[in-house]
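Q: One structure, as structure tokens, below. Some questions next.
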Protein chains: 2
Amino acid sequence: VKAPRRILVRTQDGESYPVVVGRGLIHALPGLLEEHAPAHRYALVGDRRVMELHGGAIRGRLSEMGLQVDAFDFPAGEEHKTLEQWSRLIHALLDAGFGRDACVLALGGGVSGDLAGFVAATYMRGLPVVQLPTSLVAMVDSSVGGKTGVDVPQGKNLVGAFHAPRLVVADPELTGTLPRAERSQGLAEAVKHGAILDSGYLADIESDAAHLLAGDPEPTVRMVARSVEIKAGVVSRDEREGGVREILNFGHTLGHGLEAASDYGLPHGSAVAMGMVLEARLGEELGVTREGTARRLASALQAVELPVEPPAQLDIGRILDHLKVDKKAREGRPRFVLLAETGRVDPPGGGTTSWSRPVSLDRVRNLLSTPWSAAI
Amino acid sequence: VKAPRRILVRTQDGESYPVVVGRGLIHALPGLLEEHAPAHRYALVGDRRVMELHGGAIRGRLSEMGLQVDAFDFPAGEEHKTLEQWSRLIHALLDAGFGRDACVLALGGGVSGDLAGFVAATYMRGLPVVQLPTSLVAMVDSSVGGKTGVDVPQGKNLVGAFHAPRLVVADPELTGTLPRAERSQGLAEAVKHGAILDSGYLADIESDAAHLLAGDPEPTVRMVARSVEIKAGVVSRDEREGGVREILNFGHTLGHGLEAASDYGLPHGSAVAMGMVLEARLGEELGVTREGTARRLASALQAVELPVEPPAQLDIGRILDHLKVDKKAREGRPRFVLLAETGRVDPPGGGTTSWSRPVSLDRVRNLLSTPWSAAI
């Protein structure tokens, strides 16, 4: 067994927290908690599905080692990442007598991380939280960086806070039960990390695709560790999205528009995959992105079984409507992170003001109206 | 007219924000916002009573200067500092289309500052907030330091976040409409600032008492500025209450117990006044606090028309029950910040672990059972 990988993420207040990546690490959780997040009591928070799969073993392991732990669950699914579930969890912790000397363990995929993280961010003005991601997308992306929050009828993640974890434990063995399609979804953000900062990593994902989709442990550990390194590097330079962190939005401006126009029927990874190809095409059209980049991305995405073109039935008007009200839009013009080439973003103005560029809605409408096959 | 006082508060992430104190400063608000909190739109949030008093003038002044401002109100009173009002305000801002380029203006007393501050802390993972205190207690205490939150049935301020403001504008002219009894309440925290860190300031409050209670502008400006200086100094050294910030809890462990045992019928300032005298007596009994300190504090508190002994009808058992579950209690023993003498706290262990000391419930019961007149 290889030693676990340990990657440090710096936070805005000059502290840092480790992300540890390794097979079977979850068995070492008691020691990791004692080192990085000692507490009088632990609240293990996760959705019912993940609690059934892993909750018992984790509780047993912590209790065995003398740690006091109570479990709190909520119904599985993004539709439960709500203010109501957040409030219910807060009151459950209060009724159980959790004090400021407690720590929250957020177990599960992105929904658990966001919801349990927001509980921790707001309970008695902030409890420490440890992220225990169980899905690939949570390991490579959402568990790192401190974003927490819930969805409201007006949109996703509109209520929330930045709340850095004390520790992230990514054990790829926990992903053993994931279906192939869900692995594929998780790889969209890994492809993005390669696309914005490391073309060699993009090539590795493409050549390892079959193993990654099959859930082979060693390539999975390598992939998670490399993605975490890339994301940690970005977040350490800009925790609160005032600067370079914006490049993590590559593929997401259009990705979010596609998701919204599909009434969230389109999975996030698929939407981001299509968004990356579209935004690479946009960059090529504008002369910002090197020719052939969209093709290069599409090839990697297809290798990990992700779609590269939006379904024809999506309403272009609805996509554009969403772009106008995007959190990053200014004066009705959406903003895009555009690649210079695979693995590199050159910010306009040298990154002094923003890492994204405004693009007119007319140009985006034109892009969406031109099927790719026709465009080449 | 004297130049406004400007006091800087350092935050944990190495930034800082100014608290400006001066008569008529509210008229200079547009320029102050442009300098310290430029935004595309402003959300002026306050309770209905304070909005009726000051909302129109502030909106008018900002609009005149070309700033876009919308007003959002909530019913006056601590009983409305709830998750329900917070959620209602969040949804109102979302429906009004507020984006990340907005800024919240928290207008009013402590309730507005806490509630509007928590809206800002959680809206799209954090909007900038400017505190515009209108009560004495908000000016000298709650608007500075970044604490935000709401009450829940289980207790006060149990849901919330630390969210430092960009700017605090304290204009004592806004307190012109306060009744004398409310001024008196606000002076409790000012006395506390003198008690823990500046005996000369305590003497000034006592000698200026008649003017402060009458609302005379110049002594009020001086008092607010000195209190803000003291609180800013403490918060700048320890924003998140891991260390010296704990001394701001002097008088509050027992004060909170008295409030709870009175079902919050006792006003906060009165409860803290009684709490300070009780905790000074406790310190004297334990040989930590110089003899005569409780008498010295009582004299200053009586000068500003605050009570110094708890009403006889309060149930001592209920006070003790509350102390056991206090956020700072450890293993059922409440902790107290004990003065060395007026204007000085010597932390046990040199402040390396904590600025407070555990005291047995038996000793506290004995203190509460001994009327002060009998104790001397």
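The chains in the structure tokens are called A, B, ... from first to last as shown; in each chain the residues are counted from 1, and the ligands are counted from 1 in the order shown.
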Excluding same-chain residues fewer than 3 positions from region 175-178 of chain A, what lies within 7 Å of it counting only C-alpha atoms, as a ChimeraX atom specification?
A: /A:134-136,172,182-183,215
Q: Once you count only C-alpha atoms, what closest atom pair and distance in Å to one decimal does each residue of chain B within 7 Å of chain A have, with rows by chain and rising residue number, as JSON lines?
A:
```
{"residue": "B:Gln12", "atom": "CA", "partner": "A:Asp13", "partner_atom": "CA", "distance": 5.6}
{"residue": "B:Asp13", "atom": "CA", "partner": "A:Asp13", "partner_atom": "CA", "distance": 3.8}
{"residue": "B:Gly14", "atom": "CA", "partner": "A:Asp13", "partner_atom": "CA", "distance": 6.8}
{"residue": "B:Leu94", "atom": "CA", "partner": "A:Gln154", "partner_atom": "CA", "distance": 6.9}
{"residue": "B:Gly99", "atom": "CA", "partner": "A:Lys327", "partner_atom": "CA", "distance": 6.1}
{"residue": "B:Arg100", "atom": "CA", "partner": "A:Lys327", "partner_atom": "CA", "distance": 6.4}
{"residue": "B:Ala121", "atom": "CA", "partner": "A:Ala161", "partner_atom": "CA", "distance": 6.8}
{"residue": "B:Thr122", "atom": "CA", "partner": "A:Gly160", "partner_atom": "CA", "distance": 4.8}
{"residue": "B:Tyr123", "atom": "CA", "partner": "A:Val159", "partner_atom": "CA", "distance": 5.1}
{"residue": "B:Met124", "atom": "CA", "partner": "A:Leu158", "partner_atom": "CA", "distance": 4.6}
{"residue": "B:Arg125", "atom": "CA", "partner": "A:Ala161", "partner_atom": "CA", "distance": 3.9}
{"residue": "B:Gly126", "atom": "CA", "partner": "A:Ala161", "partner_atom": "CA", "distance": 6.1}
{"residue": "B:Gln154", "atom": "CA", "partner": "A:Leu94", "partner_atom": "CA", "distance": 6.9}
{"residue": "B:Asn157", "atom": "CA", "partner": "A:Met124", "partner_atom": "CA", "distance": 7.0}
{"residue": "B:Leu158", "atom": "CA", "partner": "A:Met124", "partner_atom": "CA", "distance": 4.6}
{"residue": "B:Val159", "atom": "CA", "partner": "A:Tyr123", "partner_atom": "CA", "distance": 5.1}
{"residue": "B:Gly160", "atom": "CA", "partner": "A:Arg125", "partner_atom": "CA", "distance": 4.5}
{"residue": "B:Ala161", "atom": "CA", "partner": "A:Arg125", "partner_atom": "CA", "distance": 3.9}
{"residue": "B:Phe162", "atom": "CA", "partner": "A:Arg125", "partner_atom": "CA", "distance": 6.0}
{"residue": "B:Lys327", "atom": "CA", "partner": "A:Gly99", "partner_atom": "CA", "distance": 6.2}
```
Q: Of the candidates B:Ala209, B:Ala57, B:Leu339, B:Leu105, which one gets nearest to Gly251 (chain B) if we count only C-alpha atoms?
A: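 Ranking B:Ala209, B:Ala57, B:Leu339, B:Leu105 by distance to Gly251 (chain B), first place goes to B:Leu339.
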Q: Name the residues of region 7-153 of chain A that come out as alpha helix (DSSP H) in a backbone DSSP run; write them as a PyMOL selection string.
A: chain A and resi 29-36+48-50+56-64+83-95+110-122+136-137
Q: How would the residues just chosen look if you wrote them out with C-alpha atoms as an mmCIF file, in the first residue's frame?
A:
```cif
data_model
loop_
_atom_site.group_PDB
_atom_site.id
_atom_site.type_symbol
_atom_site.label_atom_id
_atom_site.label_comp_id
_atom_site.auth_asym_id
_atom_site.auth_seq_id
_atom_site.Cartn_x
_atom_site.Cartn_y
_atom_site.Cartn_z
ATOM 1 C CA LEU A 29 -10.067 8.542 10.324
ATOM 2 C CA PRO A 30 -9.899 8.534 14.159
ATOM 3 C CA GLY A 31 -6.207 9.387 14.144
ATOM 4 C CA LEU A 32 -6.652 12.013 11.430
ATOM 5 C CA LEU A 33 -9.437 13.661 13.427
ATOM 6 C CA GLU A 34 -7.388 13.670 16.612
ATOM 7 C CA GLU A 35 -4.562 15.367 14.729
ATOM 8 C CA HIS A 36 -6.461 17.892 12.616
ATOM 9 C CA ARG A 48 -29.665 8.383 3.988
ATOM 10 C CA ARG A 49 -28.195 6.395 1.084
ATOM 11 C CA VAL A 50 -24.582 7.139 1.942
ATOM 12 C CA GLY A 56 -22.298 2.375 10.398
ATOM 13 C CA ALA A 57 -18.680 1.487 9.707
ATOM 14 C CA ILE A 58 -17.479 5.045 10.299
ATOM 15 C CA ARG A 59 -19.447 5.456 13.526
ATOM 16 C CA GLY A 60 -18.231 2.090 14.760
ATOM 17 C CA ARG A 61 -14.625 2.943 14.006
ATOM 18 C CA LEU A 62 -14.821 6.312 15.790
ATOM 19 C CA SER A 63 -16.647 4.883 18.822
ATOM 20 C CA GLU A 64 -14.115 2.060 19.092
ATOM 21 C CA LEU A 83 -33.110 25.767 3.602
ATOM 22 C CA GLU A 84 -35.679 23.427 5.167
ATOM 23 C CA GLN A 85 -33.199 20.538 5.525
ATOM 24 C CA TRP A 86 -30.512 22.922 6.733
ATOM 25 C CA SER A 87 -32.844 24.316 9.406
ATOM 26 C CA ARG A 88 -33.947 20.808 10.402
ATOM 27 C CA LEU A 89 -30.314 19.702 10.850
ATOM 28 C CA ILE A 90 -29.449 22.842 12.866
ATOM 29 C CA HIS A 91 -32.344 22.206 15.233
ATOM 30 C CA ALA A 92 -31.457 18.511 15.506
ATOM 31 C CA LEU A 93 -27.894 19.414 16.572
ATOM 32 C CA LEU A 94 -29.219 21.980 19.056
ATOM 33 C CA ASP A 95 -31.674 19.477 20.525
ATOM 34 C CA GLY A 110 -21.487 17.322 -3.308
ATOM 35 C CA VAL A 111 -24.928 17.723 -1.734
ATOM 36 C CA SER A 112 -23.749 16.488 1.677
ATOM 37 C CA GLY A 113 -20.625 18.598 1.519
ATOM 38 C CA ASP A 114 -22.577 21.759 0.692
ATOM 39 C CA LEU A 115 -25.450 21.178 3.121
ATOM 40 C CA ALA A 116 -23.475 19.834 6.094
ATOM 41 C CA GLY A 117 -20.806 22.453 5.393
ATOM 42 C CA PHE A 118 -23.426 25.214 5.606
ATOM 43 C CA VAL A 119 -24.738 23.745 8.863
ATOM 44 C CA ALA A 120 -21.189 23.928 10.237
ATOM 45 C CA ALA A 121 -20.703 27.468 8.870
ATOM 46 C CA THR A 122 -23.754 28.813 10.697
ATOM 47 C CA LEU A 136 -15.612 11.262 -7.511
ATOM 48 C CA VAL A 137 -16.918 14.751 -8.177
#
```
Q: For the strand (DSSP E or B) assignment from backbone DSSP, which residues of region 113-308 of chain B qualify? Please present them as a ChimeraX atom specification.
A: /B:123,129-133,147-152,155-162,167-170
Q: Could those selected residues go to a file with N, CA, C and O atoms, as a short mmCIF file (atom, residue, chain, number, x, y, z; two decimals), in the first residue's frame?
A:
```
data_model
loop_
_atom_site.label_atom_id
_atom_site.label_comp_id
_atom_site.auth_asym_id
_atom_site.auth_seq_id
_atom_site.Cartn_x
_atom_site.Cartn_y
_atom_site.Cartn_z
N TYR B 123 -25.92 35.59 1.82
CA TYR B 123 -26.50 35.85 0.50
C TYR B 123 -25.43 35.62 -0.56
O TYR B 123 -24.42 36.32 -0.59
N VAL B 129 -21.21 44.25 3.89
CA VAL B 129 -22.23 44.90 4.72
C VAL B 129 -21.63 46.14 5.37
O VAL B 129 -20.44 46.17 5.71
N VAL B 130 -22.44 47.19 5.47
CA VAL B 130 -22.07 48.41 6.18
C VAL B 130 -23.02 48.54 7.36
O VAL B 130 -24.23 48.42 7.20
N GLN B 131 -22.46 48.72 8.55
CA GLN B 131 -23.31 48.84 9.73
C GLN B 131 -23.61 50.32 10.00
O GLN B 131 -22.69 51.15 10.06
N LEU B 132 -24.88 50.63 10.14
CA LEU B 132 -25.34 51.99 10.44
C LEU B 132 -26.13 51.95 11.75
O LEU B 132 -27.35 51.98 11.75
N PRO B 133 -25.40 51.87 12.88
CA PRO B 133 -26.09 51.74 14.17
C PRO B 133 -26.87 53.00 14.52
O PRO B 133 -26.40 54.12 14.26
N LYS B 147 -19.92 40.01 14.55
CA LYS B 147 -20.85 38.94 14.94
C LYS B 147 -22.21 39.19 14.30
O LYS B 147 -22.74 40.29 14.38
N THR B 148 -22.77 38.16 13.68
CA THR B 148 -24.12 38.27 13.12
C THR B 148 -24.88 37.02 13.52
O THR B 148 -24.27 36.00 13.87
N GLY B 149 -26.21 37.07 13.47
CA GLY B 149 -26.96 35.86 13.78
C GLY B 149 -28.39 36.12 14.17
O GLY B 149 -28.84 37.27 14.20
N VAL B 150 -29.09 35.04 14.44
CA VAL B 150 -30.50 35.11 14.85
C VAL B 150 -30.71 34.21 16.07
O VAL B 150 -29.88 33.37 16.40
N ASP B 151 -31.86 34.42 16.72
CA ASP B 151 -32.23 33.60 17.86
C ASP B 151 -33.06 32.40 17.37
O ASP B 151 -33.73 32.48 16.35
N VAL B 152 -32.99 31.31 18.09
CA VAL B 152 -33.85 30.15 17.82
C VAL B 152 -34.49 29.75 19.15
O VAL B 152 -34.07 30.24 20.21
N GLY B 155 -32.24 29.09 22.06
CA GLY B 155 -31.39 30.10 22.68
C GLY B 155 -31.07 31.26 21.74
O GLY B 155 -31.40 31.22 20.55
N LYS B 156 -30.43 32.27 22.29
CA LYS B 156 -30.13 33.47 21.52
C LYS B 156 -28.83 33.30 20.71
O LYS B 156 -27.89 32.70 21.18
N ASN B 157 -28.85 33.87 19.51
CA ASN B 157 -27.65 33.92 18.66
C ASN B 157 -27.04 32.55 18.39
O ASN B 157 -25.82 32.44 18.20
N LEU B 158 -27.85 31.50 18.38
CA LEU B 158 -27.28 30.15 18.20
C LEU B 158 -27.07 29.82 16.72
O LEU B 158 -26.38 28.87 16.38
N VAL B 159 -27.69 30.59 15.82
CA VAL B 159 -27.42 30.43 14.39
C VAL B 159 -26.85 31.74 13.90
O VAL B 159 -27.43 32.80 14.15
N GLY B 160 -25.70 31.69 13.25
CA GLY B 160 -25.09 32.94 12.81
C GLY B 160 -23.73 32.70 12.21
O GLY B 160 -23.32 31.56 11.98
N ALA B 161 -23.03 33.80 11.94
CA ALA B 161 -21.71 33.71 11.32
C ALA B 161 -20.89 34.93 11.71
O ALA B 161 -21.45 35.95 12.11
N PHE B 162 -19.58 34.82 11.62
CA PHE B 162 -18.73 36.00 11.71
C PHE B 162 -18.68 36.62 10.31
O PHE B 162 -18.37 35.92 9.33
N LEU B 167 -17.51 48.80 6.73
CA LEU B 167 -17.51 50.16 7.27
C LEU B 167 -18.59 50.21 8.34
O LEU B 167 -19.62 49.56 8.22
N VAL B 168 -18.32 50.97 9.42
CA VAL B 168 -19.34 51.25 10.42
C VAL B 168 -19.43 52.76 10.54
O VAL B 168 -18.39 53.43 10.67
N VAL B 169 -20.64 53.31 10.43
CA VAL B 169 -20.84 54.75 10.55
C VAL B 169 -21.68 55.00 11.80
O VAL B 169 -22.86 54.65 11.83
N ALA B 170 -21.05 55.57 12.83
CA ALA B 170 -21.76 55.84 14.08
C ALA B 170 -21.99 57.33 14.21
O ALA B 170 -21.05 58.09 14.46
#
```
Q: Tell me, as number ranges by chain, which residues lie within 6 Å of region 341-357 of chain A, counting only C-alpha atoms; anything in the same chain fewer than 5 positions away does not count.
A: A: 194-199, 289-290, 335-336
Q: Report, in Å with one decimal, the straight-line distance from CA of Ala71 (chain A) to CA of Ala43 (chain A).
A: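 We find that CA of Ala71 (chain A) and CA of Ala43 (chain A) lie 5.8 Å from each other.
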Q: Could you name the residues that touch Ile7 (chain B) at 12 Å or less, counting only C-alpha atoms, but leaving out those on the same chain fewer than 2 positions away, as a JSON list (two decimals) with N, CA and C atoms, in the first residue's frame?
A:
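Everything below was put into selection07.json:
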```json
[["chain", "number", "residue", "atom", "x", "y", "z"],
["B", 4, "PRO", "N", -14.65, 63.97, 12.18],
["B", 4, "PRO", "CA", -15.06, 62.67, 12.71],
["B", 4, "PRO", "C", -13.85, 61.85, 13.18],
["B", 5, "ARG", "N", -14.11, 60.98, 14.16],
["B", 5, "ARG", "CA", -13.07, 60.06, 14.62],
["B", 5, "ARG", "C", -13.08, 58.84, 13.73],
["B", 9, "VAL", "N", -10.36, 48.62, 12.52],
["B", 9, "VAL", "CA", -10.47, 47.29, 13.12],
["B", 9, "VAL", "C", -9.83, 46.30, 12.16],
["B", 10, "ARG", "N", -8.84, 45.55, 12.66],
["B", 10, "ARG", "CA", -8.19, 44.55, 11.82],
["B", 10, "ARG", "C", -8.99, 43.25, 11.85],
["B", 16, "SER", "N", -8.72, 45.31, 7.03],
["B", 16, "SER", "CA", -9.24, 46.11, 8.13],
["B", 16, "SER", "C", -10.41, 46.94, 7.64],
["B", 17, "TYR", "N", -11.23, 47.39, 8.59],
["B", 17, "TYR", "CA", -12.34, 48.27, 8.21],
["B", 17, "TYR", "C", -12.40, 49.43, 9.19],
["B", 18, "PRO", "N", -12.89, 50.59, 8.71],
["B", 18, "PRO", "CA", -12.96, 51.75, 9.59],
["B", 18, "PRO", "C", -14.31, 51.86, 10.29],
["B", 19, "VAL", "N", -14.26, 52.30, 11.55],
["B", 19, "VAL", "CA", -15.46, 52.75, 12.25],
["B", 19, "VAL", "C", -15.32, 54.27, 12.33],
["B", 20, "VAL", "N", -16.25, 54.99, 11.72],
["B", 20, "VAL", "CA", -16.18, 56.44, 11.80],
["B", 20, "VAL", "C", -17.26, 56.93, 12.76],
["B", 21, "VAL", "N", -16.86, 57.84, 13.63],
["B", 21, "VAL", "CA", -17.76, 58.33, 14.67],
["B", 21, "VAL", "C", -17.81, 59.85, 14.57],
["B", 22, "GLY", "N", -19.01, 60.41, 14.42],
["B", 22, "GLY", "CA", -19.09, 61.87, 14.37],
["B", 22, "GLY", "C", -20.52, 62.35, 14.20],
["B", 144, "VAL", "N", -19.62, 46.65, 15.95],
["B", 144, "VAL", "CA", -18.18, 46.44, 15.75],
["B", 144, "VAL", "C", -17.83, 44.99, 16.10],
["B", 167, "LEU", "N", -17.51, 48.80, 6.73],
["B", 167, "LEU", "CA", -17.51, 50.16, 7.27],
["B", 167, "LEU", "C", -18.59, 50.21, 8.34],
["B", 168, "VAL", "N", -18.32, 50.97, 9.42],
["B", 168, "VAL", "CA", -19.34, 51.25, 10.42],
["B", 168, "VAL", "C", -19.43, 52.76, 10.54],
["B", 169, "VAL", "N", -20.64, 53.31, 10.43],
["B", 169, "VAL", "CA", -20.84, 54.75, 10.55],
["B", 169, "VAL", "C", -21.68, 55.00, 11.80],
["B", 170, "ALA", "N", -21.05, 55.57, 12.83],
["B", 170, "ALA", "CA", -21.76, 55.84, 14.08],
["B", 170, "ALA", "C", -21.99, 57.33, 14.21],
["B", 224, "VAL", "N", -18.68, 57.19, 22.65],
["B", 224, "VAL", "CA", -18.77, 56.18, 21.59],
["B", 224, "VAL", "C", -17.38, 55.91, 21.02],
["B", 225, "ALA", "N", -16.64, 56.97, 20.74],
["B", 225, "ALA", "CA", -15.32, 56.80, 20.13],
["B", 225, "ALA", "C", -14.39, 56.00, 21.06],
["B", 226, "ARG", "N", -14.43, 56.31, 22.37],
["B", 226, "ARG", "CA", -13.53, 55.59, 23.29],
["B", 226, "ARG", "C", -13.93, 54.13, 23.41],
["B", 227, "SER", "N", -15.23, 53.85, 23.47],
["B", 227, "SER", "CA", -15.68, 52.46, 23.54],
["B", 227, "SER", "C", -15.28, 51.70, 22.28],
["B", 228, "VAL", "N", -15.47, 52.35, 21.14],
["B", 228, "VAL", "CA", -15.11, 51.69, 19.87],
["B", 228, "VAL", "C", -13.61, 51.41, 19.84],
["B", 229, "GLU", "N", -12.80, 52.39, 20.31],
["B", 229, "GLU", "CA", -11.35, 52.16, 20.35],
["B", 229, "GLU", "C", -11.01, 50.93, 21.17],
["B", 230, "ILE", "N", -11.65, 50.81, 22.33],
["B", 230, "ILE", "CA", -11.35, 49.68, 23.21],
["B", 230, "ILE", "C", -11.80, 48.36, 22.56],
["B", 231, "LYS", "N", -13.04, 48.35, 22.06],
["B", 231, "LYS", "CA", -13.52, 47.10, 21.45],
["B", 231, "LYS", "C", -12.71, 46.76, 20.20],
["B", 232, "ALA", "N", -12.39, 47.78, 19.39],
["B", 232, "ALA", "CA", -11.62, 47.54, 18.16],
["B", 232, "ALA", "C", -10.25, 46.96, 18.49],
["B", 233, "GLY", "N", -9.66, 47.44, 19.58],
["B", 233, "GLY", "CA", -8.35, 46.93, 19.98],
["B", 233, "GLY", "C", -8.42, 45.44, 20.32],
["B", 236, "SER", "N", -9.34, 43.36, 17.10],
["B", 236, "SER", "CA", -8.23, 43.31, 16.15],
["B", 236, "SER", "C", -7.20, 42.26, 16.55]]
```
